[in-house]
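K.L.:
File work.pdb below, PDB, C-alpha atoms:
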```
MODEL        1
ATOM      1  CA  MET A 184      89.233 -62.066   4.269
ATOM      2  CA  ALA A 185      88.186 -65.244   6.003
ATOM      3  CA  GLY A 186      90.441 -68.231   5.468
ATOM      4  CA  ILE A 187      87.778 -70.164   3.588
ATOM      5  CA  TYR A 188      87.662 -67.538   0.837
ATOM      6  CA  GLY A 189      91.434 -67.268   0.797
ATOM      7  CA  ASP A 190      91.685 -70.983   0.069
ATOM      8  CA  VAL A 191      89.205 -70.646  -2.811
ATOM      9  CA  MET A 192      90.832 -67.600  -4.352
ATOM     10  CA  GLY A 193      94.352 -68.925  -3.885
ATOM     11  CA  GLY A 194      93.679 -71.932  -6.117
ATOM     12  CA  VAL A 195      95.576 -72.612  -9.331
ATOM     13  CA  GLY A 196      92.510 -72.819 -11.574
ATOM     14  CA  SER A 197      91.469 -70.318 -14.211
ATOM     15  CA  ILE A 198      89.788 -67.042 -13.289
ATOM     16  CA  GLU A 199      86.512 -68.632 -14.367
ATOM     17  CA  THR A 200      86.937 -71.684 -12.128
ATOM     18  CA  ARG A 201      87.901 -69.643  -9.082
ATOM     19  CA  ALA A 202      84.977 -67.264  -9.587
ATOM     20  CA  HIS A 203      82.506 -70.176  -9.716
ATOM     21  CA  ASP A 204      84.061 -71.713  -6.604
ATOM     22  CA  LEU A 205      83.796 -68.364  -4.844
ATOM     23  CA  LEU A 206      80.080 -68.088  -5.601
ATOM     24  CA  ASP A 207      79.545 -71.664  -4.379
ATOM     25  CA  THR A 208      81.286 -70.795  -1.107
ATOM     26  CA  LEU A 209      79.429 -67.509  -0.760
ATOM     27  CA  GLY A 210      76.114 -69.291  -1.403
ATOM     28  CA  SER A 211      76.771 -71.582   1.556
ATOM     29  CA  ARG A 212      77.268 -68.585   3.867
ATOM     30  CA  ALA A 213      74.867 -65.903   2.547
ATOM     31  CA  ALA A 214      71.314 -66.126   1.254
ATOM     32  CA  SER A 215      70.851 -65.896  -2.521
ATOM     33  CA  SER A 216      68.574 -67.011  -5.323
ATOM     34  CA  ALA A 217      71.065 -65.945  -7.987
ATOM     35  CA  SER A 218      74.592 -64.572  -7.984
ATOM     36  CA  ALA A 219      77.209 -63.535 -10.514
ATOM     37  CA  ILE A 220      80.685 -62.102 -10.863
ATOM     38  CA  CYS A 221      81.116 -59.807 -13.842
ATOM     39  CA  LEU A 222      84.621 -58.558 -14.534
ATOM     40  CA  TRP A 223      85.772 -55.515 -16.461
ATOM     41  CA  ASP A 224      87.882 -56.450 -19.484
ATOM     42  CA  PRO A 225      90.166 -53.438 -20.080
ATOM     43  CA  LEU A 226      91.140 -54.720 -23.524
ATOM     44  CA  ARG A 227      87.663 -54.977 -24.996
ATOM     45  CA  GLN A 228      86.343 -52.217 -22.726
ATOM     46  CA  CYS A 229      83.341 -54.231 -21.612
ATOM     47  CA  HIS A 230      82.049 -56.365 -18.717
ATOM     48  CA  VAL A 231      82.186 -60.154 -18.954
ATOM     49  CA  ASP A 232      80.185 -62.531 -16.760
ATOM     50  CA  ILE A 233      82.743 -65.166 -15.806
ATOM     51  CA  ALA A 234      80.509 -66.859 -13.203
ATOM     52  CA  ASN A 235      76.716 -66.789 -13.369
ATOM     53  CA  HIS A 236      74.654 -68.841 -10.933
ATOM     54  CA  ASP A 237      70.980 -68.850 -11.962
ATOM     55  CA  TYR A 238      70.541 -65.394 -13.503
ATOM     56  CA  PRO A 239      68.502 -65.459 -16.739
ATOM     57  CA  ASP A 240      70.318 -64.153 -19.806
ATOM     58  CA  LEU A 241      68.163 -61.013 -19.875
ATOM     59  CA  VAL A 242      69.187 -60.094 -16.321
ATOM     60  CA  ILE A 243      72.895 -60.776 -16.801
ATOM     61  CA  ASP A 244      72.870 -58.727 -19.992
ATOM     62  CA  HIS A 245      71.228 -55.876 -18.067
ATOM     63  CA  LEU A 246      73.824 -56.083 -15.277
ATOM     64  CA  ASN A 247      76.700 -55.935 -17.770
ATOM     65  CA  ASN A 248      75.330 -53.037 -19.801
ATOM     66  CA  TRP A 249      72.502 -50.652 -18.787
ATOM     67  CA  PHE A 250      73.064 -51.219 -15.062
ATOM     68  CA  ILE A 251      76.748 -50.276 -15.237
ATOM     69  CA  ASP A 252      76.126 -47.160 -17.304
ATOM     70  CA  HIS A 253      72.853 -45.801 -15.917
ATOM     71  CA  ASP A 254      71.672 -47.446 -12.704
ATOM     72  CA  PRO A 255      71.558 -45.017  -9.716
ATOM     73  CA  LEU A 256      72.618 -47.735  -7.254
ATOM     74  CA  PHE A 257      75.782 -48.462  -9.215
ATOM     75  CA  ASP A 258      76.407 -44.762  -9.766
ATOM     76  CA  ALA A 259      76.187 -44.116  -6.003
ATOM     77  CA  MET A 260      78.730 -46.866  -5.324
ATOM     78  CA  ARG A 261      81.059 -45.453  -7.964
ATOM     79  CA  THR A 262      80.861 -41.733  -7.181
ATOM     80  CA  ARG A 263      80.776 -42.061  -3.390
ATOM     81  CA  ASP A 264      83.139 -45.044  -3.084
ATOM     82  CA  LEU A 265      80.546 -47.121  -1.245
ATOM     83  CA  GLY A 266      80.604 -50.815  -0.438
ATOM     84  CA  ALA A 267      77.852 -53.316  -1.183
ATOM     85  CA  LEU A 268      74.382 -51.771  -1.512
ATOM     86  CA  ARG A 269      70.932 -53.390  -1.402
ATOM     87  CA  TRP A 270      67.775 -52.011  -2.952
ATOM     88  CA  ARG A 271      66.523 -50.948   0.473
ATOM     89  CA  ASP A 272      69.752 -49.048   1.153
ATOM     90  CA  TYR A 273      68.964 -46.610  -1.651
ATOM     91  CA  PRO A 274      65.888 -44.306  -1.419
ATOM     92  CA  ASP A 275      63.132 -44.996  -3.959
ATOM     93  CA  TYR A 276      65.250 -47.600  -5.779
ATOM     94  CA  ARG A 277      62.325 -50.065  -5.801
ATOM     95  CA  TYR A 278      60.410 -47.685  -8.060
ATOM     96  CA  GLY A 279      63.173 -47.487 -10.648
ATOM     97  CA  TYR A 280      63.819 -49.068 -14.024
ATOM     98  CA  SER A 281      66.049 -51.978 -12.970
ATOM     99  CA  VAL A 282      63.697 -53.352 -10.312
ATOM    100  CA  ASN A 283      60.426 -52.994 -12.187
ATOM    101  CA  THR A 284      61.559 -53.783 -15.726
ATOM    102  CA  VAL A 285      64.232 -56.424 -15.130
ATOM    103  CA  PHE A 286      64.604 -57.833 -11.610
ATOM    104  CA  ARG A 287      61.006 -58.288 -10.448
ATOM    105  CA  PRO A 288      59.808 -59.812 -13.748
ATOM    106  CA  ALA A 289      62.608 -62.354 -13.261
ATOM    107  CA  GLY A 290      61.268 -63.249  -9.797
ATOM    108  CA  PHE A 291      63.583 -61.249  -7.533
ATOM    109  CA  GLU A 292      62.334 -59.178  -4.583
ATOM    110  CA  GLU A 293      65.626 -57.849  -3.202
ATOM    111  CA  GLY A 294      69.196 -57.577  -4.398
ATOM    112  CA  LEU A 295      72.716 -56.470  -3.677
ATOM    113  CA  SER A 296      75.608 -55.304  -5.838
ATOM    114  CA  ALA A 297      79.190 -54.401  -4.968
ATOM    115  CA  ARG A 298      82.025 -52.953  -7.012
ATOM    116  CA  LEU A 299      85.252 -54.955  -6.975
ATOM    117  CA  VAL A 300      88.146 -52.535  -6.489
ATOM    118  CA  THR A 301      91.742 -53.444  -5.626
ATOM    119  CA  ARG A 302      93.718 -51.770  -2.836
ATOM    120  CA  ASP A 303      95.441 -49.526  -5.383
ATOM    121  CA  GLY A 304      92.062 -48.316  -6.663
ATOM    122  CA  THR A 305      91.826 -50.401  -9.845
ATOM    123  CA  TYR A 306      88.228 -51.161 -10.801
ATOM    124  CA  VAL A 307      87.933 -54.843 -11.650
ATOM    125  CA  GLY A 308      84.202 -55.556 -11.930
ATOM    126  CA  THR A 309      81.111 -56.335  -9.891
ATOM    127  CA  ILE A 310      79.550 -59.024  -7.749
ATOM    128  CA  HIS A 311      75.753 -59.341  -7.721
ATOM    129  CA  VAL A 312      73.402 -61.258  -5.413
ATOM    130  CA  ASN A 313      69.612 -61.345  -5.783
ATOM    131  CA  CYS A 314      66.951 -63.049  -3.642
ATOM    132  CA  ASP A 315      63.299 -63.980  -4.076
ATOM    133  CA  ASP A 316      62.678 -63.158  -0.385
ATOM    134  CA  PRO A 317      62.664 -59.386   0.406
ATOM    135  CA  ARG A 318      64.250 -60.079   3.835
ATOM    136  CA  TYR A 319      67.549 -60.997   2.155
ATOM    137  CA  PRO A 320      70.406 -60.227   1.637
ATOM    138  CA  SER A 321      70.629 -59.545   5.377
ATOM    139  CA  ASP A 322      72.972 -57.135   7.157
ATOM    140  CA  SER A 323      75.331 -60.026   7.860
ATOM    141  CA  ASP A 324      75.273 -60.962   4.152
ATOM    142  CA  VAL A 325      76.298 -57.401   3.282
ATOM    143  CA  ALA A 326      79.132 -57.572   5.815
ATOM    144  CA  GLU A 327      80.236 -60.918   4.361
ATOM    145  CA  ILE A 328      80.558 -59.478   0.852
ATOM    146  CA  ASN A 329      82.212 -56.263   2.007
ATOM    147  CA  ALA A 330      84.810 -58.305   3.886
ATOM    148  CA  LEU A 331      85.887 -60.212   0.791
ATOM    149  CA  ARG A 332      85.462 -57.844  -2.139
ATOM    150  CA  THR A 333      88.932 -56.208  -2.085
ATOM    151  CA  GLN A 334      90.745 -59.540  -2.031
ATOM    152  CA  VAL A 335      88.416 -60.906  -4.692
ATOM    153  CA  ALA A 336      89.228 -57.877  -6.836
ATOM    154  CA  HIS A 337      92.955 -58.516  -6.490
ATOM    155  CA  GLU A 338      92.708 -62.219  -7.294
ATOM    156  CA  LEU A 339      90.347 -61.816 -10.254
ATOM    157  CA  ASP A 340      91.915 -58.709 -11.797
ATOM    158  CA  PHE A 341      92.391 -59.513 -15.498
ATOM    159  CA  THR A 342      95.702 -57.650 -15.541
ATOM    160  CA  VAL A 343      97.373 -59.267 -12.497
ATOM    161  CA  ARG A 344      98.928 -62.267 -14.198
ATOM    162  CA  PRO A 345     100.131 -60.360 -17.302
ATOM    163  CA  ARG A 346     101.759 -57.812 -14.980
ATOM    164  CA  MET A 347     103.397 -60.620 -12.988
ATOM    165  CA  VAL A 348     104.760 -62.104 -16.221
ATOM    166  CA  ALA A 349     106.140 -58.703 -17.229
ATOM    167  CA  GLU A 350     107.765 -58.100 -13.850
ATOM    168  CA  LEU A 351     109.399 -61.538 -13.778
ATOM    169  CA  VAL A 352     110.628 -61.584 -17.375
ATOM    170  CA  ALA A 353     111.614 -57.938 -17.837
ATOM    171  CA  PRO A 354     111.294 -55.798 -14.701
ATOM    172  CA  ASP A 355     112.467 -52.624 -16.459
ATOM    173  CA  ALA A 356     110.319 -53.054 -19.570
ATOM    174  CA  GLN A 357     107.217 -51.191 -20.555
ATOM    175  CA  ALA A 358     104.435 -53.800 -20.643
ATOM    176  CA  TRP A 359     101.339 -53.926 -22.830
ATOM    177  CA  ALA A 360      98.519 -56.468 -22.905
ATOM    178  CA  VAL A 361      97.514 -57.315 -26.483
ATOM    179  CA  ASP A 362      94.064 -58.642 -27.360
ATOM    180  CA  ASP A 363      93.081 -61.151 -30.016
ATOM    181  CA  VAL A 364      92.216 -58.475 -32.575
ATOM    182  CA  GLY A 365      95.363 -56.390 -32.121
ATOM    183  CA  GLY A 366      94.265 -53.855 -29.511
ATOM    184  CA  ALA A 367      96.714 -52.969 -26.725
ATOM    185  CA  HIS A 368      96.290 -51.891 -23.101
ATOM    186  CA  LEU A 369      99.152 -50.398 -21.068
ATOM    187  CA  LEU A 370      99.993 -52.494 -17.999
ATOM    188  CA  ARG A 371     102.911 -50.438 -16.678
ATOM    189  CA  VAL A 372     105.339 -47.820 -17.997
ATOM    190  CA  GLY A 373     108.588 -49.451 -16.880
ATOM    191  CA  ASP A 374     111.611 -48.052 -15.052
ATOM    192  CA  THR A 375     113.465 -46.914 -18.179
ATOM    193  CA  PHE A 376     110.594 -44.844 -19.569
ATOM    194  CA  ASP A 377     109.263 -41.455 -18.542
ATOM    195  CA  ALA A 378     105.956 -42.002 -20.335
ATOM    196  CA  ALA A 379     104.092 -44.639 -22.301
ATOM    197  CA  VAL A 380     105.211 -45.384 -25.846
ATOM    198  CA  ASP A 381     102.875 -43.723 -28.317
ATOM    199  CA  GLY A 382      99.792 -45.874 -28.912
ATOM    200  CA  ASP A 383     100.172 -45.628 -32.701
ATOM    201  CA  HIS A 384     103.692 -47.031 -32.429
ATOM    202  CA  ILE A 385     102.447 -49.906 -30.282
ATOM    203  CA  ALA A 386      99.779 -50.653 -32.894
ATOM    204  CA  GLU A 387     102.532 -50.791 -35.539
ATOM    205  CA  LEU A 388     104.557 -53.188 -33.396
ATOM    206  CA  VAL A 389     101.549 -55.465 -32.855
ATOM    207  CA  LEU A 390     100.985 -55.453 -36.621
ATOM    208  CA  ALA A 391     104.637 -56.281 -37.288
ATOM    209  CA  PHE A 392     104.449 -59.394 -35.095
ATOM    210  CA  SER A 393     101.154 -60.586 -36.556
ATOM    211  CA  ALA A 394     102.026 -59.854 -40.191
ATOM    212  CA  ALA A 395     105.127 -62.042 -40.304
ATOM    213  CA  ALA A 396     104.740 -65.386 -42.047
ATOM    214  CA  PRO A 397     104.018 -68.313 -39.665
ATOM    215  CA  TRP A 398     107.314 -69.996 -40.518
ATOM    216  CA  ALA A 399     109.227 -66.830 -39.605
ATOM    217  CA  ARG A 400     107.060 -65.497 -36.794
ATOM    218  CA  PRO A 401     109.517 -63.871 -34.370
ATOM    219  CA  GLU A 402     109.388 -63.507 -30.602
ATOM    220  CA  VAL A 403     111.670 -60.449 -30.639
ATOM    221  CA  LEU A 404     111.842 -57.444 -32.971
ATOM    222  CA  ARG A 405     113.979 -54.309 -33.078
ATOM    223  CA  TRP A 406     112.401 -50.929 -33.504
ATOM    224  CA  HIS A 407     113.673 -47.355 -33.644
ATOM    225  CA  ASP A 408     111.250 -44.702 -32.369
ATOM    226  CA  GLY A 409     113.156 -41.814 -33.876
ATOM    227  CA  ALA A 410     115.300 -41.307 -30.787
ATOM    228  CA  ALA A 411     116.561 -44.721 -29.653
ATOM    229  CA  TRP A 412     116.522 -48.419 -30.460
ATOM    230  CA  MET A 413     114.045 -50.698 -28.710
ATOM    231  CA  HIS A 414     114.070 -54.424 -27.968
ATOM    232  CA  VAL A 415     110.457 -55.635 -28.288
ATOM    233  CA  ARG A 416     109.433 -59.096 -27.088
ATOM    234  CA  ARG A 417     106.044 -60.755 -27.572
ATOM    235  CA  ILE A 418     104.964 -63.469 -25.092
ATOM    236  CA  SER A 419     101.873 -65.439 -26.091
ATOM    237  CA  THR A 420      99.400 -66.265 -23.304
ATOM    238  CA  ALA A 421      97.109 -69.213 -22.703
ATOM    239  CA  PRO A 422      93.364 -68.502 -22.253
ATOM    240  CA  ARG A 423      92.412 -67.879 -18.609
ATOM    241  CA  TYR A 424      88.664 -68.325 -19.121
ATOM    242  CA  GLY A 425      86.194 -68.979 -21.942
ATOM    243  CA  GLY A 426      86.345 -66.153 -24.478
ATOM    244  CA  ASP A 427      89.485 -64.600 -22.964
ATOM    245  CA  SER A 428      90.537 -61.605 -25.080
ATOM    246  CA  LEU A 429      94.180 -61.556 -23.942
ATOM    247  CA  ALA A 430      96.468 -62.936 -26.663
ATOM    248  CA  ALA A 431      99.919 -61.764 -25.614
ATOM    249  CA  VAL A 432     102.060 -59.510 -23.451
ATOM    250  CA  LEU A 433     104.345 -57.068 -25.267
ATOM    251  CA  LEU A 434     107.550 -56.024 -23.459
ATOM    252  CA  VAL A 435     109.446 -52.955 -24.702
ATOM    253  CA  ASN A 436     112.985 -52.115 -23.522
ATOM    254  CA  ARG A 437     115.456 -49.460 -24.603
ATOM    255  CA  ALA A 438     118.423 -51.407 -26.006
ATOM    256  CA  SER A 439     121.047 -50.742 -28.679
ATOM    257  CA  LEU A 440     121.485 -53.204 -31.510
ATOM    258  CA  PRO A 441     123.751 -56.043 -30.244
ATOM    259  CA  MET A 442     127.048 -57.393 -31.564
ATOM    260  CA  GLY A 443     127.810 -54.209 -33.494
ATOM    261  CA  ILE A 444     125.004 -54.818 -36.000
ATOM    262  CA  THR A 445     124.228 -51.623 -37.921
ATOM    263  CA  PRO A 446     120.720 -50.435 -38.863
ATOM    264  CA  ARG A 447     121.371 -51.246 -42.546
ATOM    265  CA  GLU A 448     122.643 -54.711 -41.652
ATOM    266  CA  LEU A 449     119.491 -55.230 -39.584
ATOM    267  CA  ASP A 450     117.365 -54.416 -42.627
ATOM    268  CA  ALA A 451     119.378 -56.790 -44.810
ATOM    269  CA  LEU A 452     119.104 -59.573 -42.219
ATOM    270  CA  THR A 453     115.336 -59.099 -41.976
ATOM    271  CA  LEU A 454     114.930 -59.479 -45.734
ATOM    272  CA  ALA A 455     117.328 -62.434 -45.856
ATOM    273  CA  VAL A 456     115.196 -64.258 -43.262
ATOM    274  CA  PHE A 457     112.356 -64.078 -45.789
ATOM    275  CA  GLY A 458     114.542 -65.718 -48.424
ATOM    276  CA  LEU A 459     115.165 -62.686 -50.586
ATOM    277  CA  THR A 460     118.217 -62.673 -52.847
ATOM    278  CA  ASN A 461     120.786 -59.896 -52.800
ATOM    279  CA  THR A 462     119.133 -58.377 -55.866
ATOM    280  CA  GLU A 463     115.712 -58.428 -54.198
ATOM    281  CA  ILE A 464     117.134 -57.013 -50.953
ATOM    282  CA  ALA A 465     118.783 -54.258 -52.977
ATOM    283  CA  ALA A 466     115.458 -53.387 -54.625
ATOM    284  CA  HIS A 467     113.707 -53.141 -51.247
ATOM    285  CA  LEU A 468     116.445 -50.990 -49.692
ATOM    286  CA  PHE A 469     117.260 -48.907 -52.801
ATOM    287  CA  ILE A 470     120.898 -49.970 -52.801
ATOM    288  CA  SER A 471     123.046 -52.020 -55.164
ATOM    289  CA  ALA A 472     123.111 -55.823 -55.017
ATOM    290  CA  ARG A 473     126.831 -55.587 -54.212
ATOM    291  CA  THR A 474     126.133 -53.357 -51.204
ATOM    292  CA  ALA A 475     123.367 -55.713 -50.045
ATOM    293  CA  GLY A 476     125.827 -58.607 -50.215
ATOM    294  CA  HIS A 477     128.404 -56.611 -48.257
ATOM    295  CA  HIS A 478     125.834 -55.911 -45.477
ATOM    296  CA  LEU A 479     125.060 -59.624 -45.177
ATOM    297  CA  GLU A 480     128.710 -60.647 -45.214
ATOM    298  CA  SER A 481     129.456 -58.152 -42.454
ATOM    299  CA  ALA A 482     126.447 -59.302 -40.394
ATOM    300  CA  SER A 483     127.436 -62.969 -40.883
ATOM    301  CA  ALA A 484     130.910 -62.274 -39.536
ATOM    302  CA  LYS A 485     129.520 -60.505 -36.476
ATOM    303  CA  LEU A 486     127.092 -63.381 -35.824
ATOM    304  CA  GLY A 487     129.685 -66.064 -36.438
ATOM    305  CA  ALA A 488     127.546 -67.604 -39.184
ATOM    306  CA  ALA A 489     129.106 -70.095 -41.583
ATOM    307  CA  ASN A 490     126.705 -69.422 -44.464
ATOM    308  CA  ARG A 491     123.648 -67.476 -45.534
ATOM    309  CA  ALA A 492     121.142 -69.979 -44.084
ATOM    310  CA  SER A 493     122.954 -69.969 -40.738
ATOM    311  CA  CYS A 494     123.009 -66.170 -40.787
ATOM    312  CA  ALA A 495     119.224 -65.998 -41.281
ATOM    313  CA  SER A 496     118.666 -68.588 -38.539
ATOM    314  CA  LEU A 497     120.848 -66.684 -36.066
ATOM    315  CA  ALA A 498     119.058 -63.462 -36.914
ATOM    316  CA  LEU A 499     115.798 -65.096 -35.800
ATOM    317  CA  VAL A 500     117.400 -66.524 -32.661
ATOM    318  CA  HIS A 501     118.758 -63.118 -31.604
ATOM    319  CA  GLY A 502     115.643 -61.202 -32.624
ATOM    320  CA  LEU A 503     117.546 -59.202 -35.244
ATOM    321  CA  LEU A 504     114.516 -58.295 -37.307
ATOM    322  CA  SER A 505     113.265 -54.834 -38.178
ATOM    323  CA  ALA A 506     109.723 -54.101 -36.989
ATOM    324  CA  ARG A 507     109.590 -51.301 -39.559
ATOM    325  CA  LEU A 508     110.040 -53.742 -42.436
ATOM    326  CA  LEU A 509     107.757 -56.393 -40.959
ATOM    327  CA  ARG A 510     104.750 -54.076 -40.835
ATOM    328  CA  HIS A 511     104.517 -54.949 -44.552
ATOM    329  CA  PRO A 512     106.286 -58.324 -44.856
ATOM    330  CA  PRO A 513     108.613 -58.617 -47.851
ATOM    331  CA  ARG A 514     107.678 -60.972 -50.669
ATOM    332  CA  LYS A 515     109.965 -62.687 -53.150
ATOM    333  CA  THR A 516     109.488 -61.370 -56.666
ATOM    334  CA  ALA A 517     109.935 -64.749 -58.318
TER     335      ALA A 517
ENDMDL
END
```
Kindly present the structure from the file in structure tokens form.

P.N.:
Amino acid sequence: MAGIYGDVMGGVGSIETRAHDLLDTLGSRAASSASAICLWDPLRQCHVDIANHDYPDLVIDHLNNWFIDHDPLFDAMRTRDLGALRWRDYPDYRYGYSVNTVFRPAGFEEGLSARLVTRDGTYVGTIHVNCDDPRYPSDSDVAEINALRTQVAHELDFTVRPRMVAELVAPDAQAWAVDDVGGAHLLRVGDTFDAAVDGDHIAELVLAFSAAAPWARPEVLRWHDGAAWMHVRRISTAPRYGGDSLAAVLLVNRASLPMGITPRELDALTLAVFGLTNTEIAAHLFISARTAGHHLESASAKLGAANRASCASLALVHGLLSARLLRHPPRKTA
């Protein structure tokens, strides 16, 4: 891609800011009456217009919905792996639904769309350019967009930065992107896994993190999948653009419980963090209060805690909390 676009896309701004800057730069080099970049959000499973220059709402809504699902121009690009296409590049397109029902009533006489696909084949979204002069976009305009679309796809891919975070923080971990309503999207399997963790289990883990009380909201939980213990870390993310659906990255590693902590001690620690007494812990775990106290004394010794409060604090610090119990956070009875 030309250096000018590389400078724009290599900026430190949000996805939204860089997309707007890209359209400004493109507009200075290729004819357009309106342009937009619409990205595919794999979490919400929909297209989002992150940069719209002069398209009416009706047109942008069409581009993000009916056009993607039904338009023959877009379908040809998808099924035949084509680059940017104009109306005149596709036989009889001018007589179709999009042109006569949406584009021409909005004042456009020619247009171009291109799919944004990374080098590894990941579909990221679309770039659209429409003109009120049927002579444009020209052949050189098409070449301009085809030259930049792969790099644009890489830079604007919603999943790039979460994957980078996962690779830097935990290169062996399985990584999931979590949206603001608790949905999860697999980013990568991780070196220690043969396959993705079951989606239902991931949903339970997301629930365990979100269900914990704000004053005891952990960054790390422990979870047993029936075969092995897992270390699960949640990293919150800052919004990358207006309406960003990404809320966190979830990192899952295979890891035994540390410091000799037993599964029963882990349960007792989890309940102690929520302020439950030995009697209340015993009721939750169906054991005697004396046994509950023994579990906490043993855990305190392993953690080097001086008292019960210190033990609960260290349990939070070391992420010694049971995801199984936190799916339905314990409540004090009194």

K.L.:
Could you work out how far CA of Asp408 in chain A lies from CA of His477 in chain A, giving the answer in Å with one decimal?

P.N.:
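Between these atoms lies a distance of 26.2 Å.
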
K.L.:
Starting from the point (100.9, -49.5, -31.6), work out which residues of protein, DNA or RNA have an atom no more than 12 Å away when counting all atoms listed in the file; state them as JSON, numbers by chain.

P.N.:
{"A": [359, 360, 361, 365, 366, 367, 368, 369, 379, 380, 381, 382, 383, 384, 385, 386, 387, 388, 389, 390, 391, 392, 406, 408, 415, 433, 435, 506, 507, 510]}

K.L.:
Would you output that residue set with C-alpha atoms, as a tab-separated table (two decimals), in the coordinates of the input?

P.N.:
```tsv
chain	number	residue	atom	x	y	z
A	359	TRP	CA	101.34	-53.93	-22.83
A	360	ALA	CA	98.52	-56.47	-22.90
A	361	VAL	CA	97.51	-57.32	-26.48
A	365	GLY	CA	95.36	-56.39	-32.12
A	366	GLY	CA	94.26	-53.86	-29.51
A	367	ALA	CA	96.71	-52.97	-26.72
A	368	HIS	CA	96.29	-51.89	-23.10
A	369	LEU	CA	99.15	-50.40	-21.07
A	379	ALA	CA	104.09	-44.64	-22.30
A	380	VAL	CA	105.21	-45.38	-25.85
A	381	ASP	CA	102.88	-43.72	-28.32
A	382	GLY	CA	99.79	-45.87	-28.91
A	383	ASP	CA	100.17	-45.63	-32.70
A	384	HIS	CA	103.69	-47.03	-32.43
A	385	ILE	CA	102.45	-49.91	-30.28
A	386	ALA	CA	99.78	-50.65	-32.89
A	387	GLU	CA	102.53	-50.79	-35.54
A	388	LEU	CA	104.56	-53.19	-33.40
A	389	VAL	CA	101.55	-55.46	-32.85
A	390	LEU	CA	100.98	-55.45	-36.62
A	391	ALA	CA	104.64	-56.28	-37.29
A	392	PHE	CA	104.45	-59.39	-35.10
A	406	TRP	CA	112.40	-50.93	-33.50
A	408	ASP	CA	111.25	-44.70	-32.37
A	415	VAL	CA	110.46	-55.64	-28.29
A	433	LEU	CA	104.34	-57.07	-25.27
A	435	VAL	CA	109.45	-52.96	-24.70
A	506	ALA	CA	109.72	-54.10	-36.99
A	507	ARG	CA	109.59	-51.30	-39.56
A	510	ARG	CA	104.75	-54.08	-40.84
```

K.L.:
Can you spell out as a short mmCIF file (atom, residue, chain, number, x, y, z; two decimals) with C-alpha atoms, keeping the file's coordinate frame the set of residues that the PyMOL selection byres ((chain A and resi 448-460) around 7) selects in the structure I just provided?

P.N.:
```cif
data_model
loop_
_atom_site.label_atom_id
_atom_site.label_comp_id
_atom_site.auth_asym_id
_atom_site.auth_seq_id
_atom_site.Cartn_x
_atom_site.Cartn_y
_atom_site.Cartn_z
CA ILE A 444 125.00 -54.82 -36.00
CA THR A 445 124.23 -51.62 -37.92
CA PRO A 446 120.72 -50.44 -38.86
CA ARG A 447 121.37 -51.25 -42.55
CA ASN A 461 120.79 -59.90 -52.80
CA THR A 462 119.13 -58.38 -55.87
CA GLU A 463 115.71 -58.43 -54.20
CA ILE A 464 117.13 -57.01 -50.95
CA ALA A 475 123.37 -55.71 -50.04
CA HIS A 478 125.83 -55.91 -45.48
CA LEU A 479 125.06 -59.62 -45.18
CA ALA A 482 126.45 -59.30 -40.39
CA ALA A 495 119.22 -66.00 -41.28
CA ALA A 498 119.06 -63.46 -36.91
CA LEU A 503 117.55 -59.20 -35.24
CA LEU A 504 114.52 -58.30 -37.31
CA SER A 505 113.26 -54.83 -38.18
CA PRO A 513 108.61 -58.62 -47.85
CA LYS A 515 109.96 -62.69 -53.15
#
```

K.L.:
Which polymer residues have any atom within 10 Å of an atom of Ser439 in chain A, counting all atoms listed in the file, with same-chain residues fewer than 3 positions away left out, as an NGL selection string?

P.N.:
:A and (405-407 or 411-414 or 436 or 442-445)

K.L.:
Keeping only C-alpha atoms, take the residues you just selected and write them out as a CSV table (one decimal), in the coordinates of the input.

P.N.:
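Contents of the output file part.csv:
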```csv
chain,number,residue,atom,x,y,z
A,405,ARG,CA,114.0,-54.3,-33.1
A,406,TRP,CA,112.4,-50.9,-33.5
A,407,HIS,CA,113.7,-47.4,-33.6
A,411,ALA,CA,116.6,-44.7,-29.7
A,412,TRP,CA,116.5,-48.4,-30.5
A,413,MET,CA,114.0,-50.7,-28.7
A,414,HIS,CA,114.1,-54.4,-28.0
A,436,ASN,CA,113.0,-52.1,-23.5
A,442,MET,CA,127.0,-57.4,-31.6
A,443,GLY,CA,127.8,-54.2,-33.5
A,444,ILE,CA,125.0,-54.8,-36.0
A,445,THR,CA,124.2,-51.6,-37.9
```

K.L.:
Need to verify the contact set: range 242-246 of chain A, 7 Å, only C-alpha atoms, exclusion of same-chain residues closer than 5 positions in sequence. Can you return it as a PyMOL selection string?

P.N.:
chain A and resi 251+285-286

K.L.:
Just want the 8 Å neighbourhood of range 321-329 of chain A, counted on only C-alpha atoms, with same-chain residues fewer than 4 positions away dropped. Output as a ChimeraX atom specification.

P.N.:
/A:212-214,266-268,295,297,333

K.L.:
Would you save the residues from that selection as a CSV table (one decimal), keeping the file's coordinate frame, using C-alpha atoms?

P.N.:
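Listed below is the output, part_7.csv:
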```csv
chain,number,residue,atom,x,y,z
A,212,ARG,CA,77.3,-68.6,3.9
A,213,ALA,CA,74.9,-65.9,2.5
A,214,ALA,CA,71.3,-66.1,1.3
A,266,GLY,CA,80.6,-50.8,-0.4
A,267,ALA,CA,77.9,-53.3,-1.2
A,268,LEU,CA,74.4,-51.8,-1.5
A,295,LEU,CA,72.7,-56.5,-3.7
A,297,ALA,CA,79.2,-54.4,-5.0
A,333,THR,CA,88.9,-56.2,-2.1
```

K.L.:
Between CA of Thr309 in chain A and CA of Trp249 in chain A, what is the distance in Å, rounded to a tenth?

P.N.:
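Answer for the CA of Thr309 in chain A to CA of Trp249 in chain A separation: 13.6 Å.
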
K.L.:
Need the shell around Asp254 in chain A: protein/DNA/RNA residues with any atom at most 12 Å away, counting all atoms listed in the file. Skip same-chain ones fewer than 5 positions apart. Format as a PyMOL selection string?

P.N.:
chain A and resi 245-249+259-261+270+273+276-277+279-282+285+296
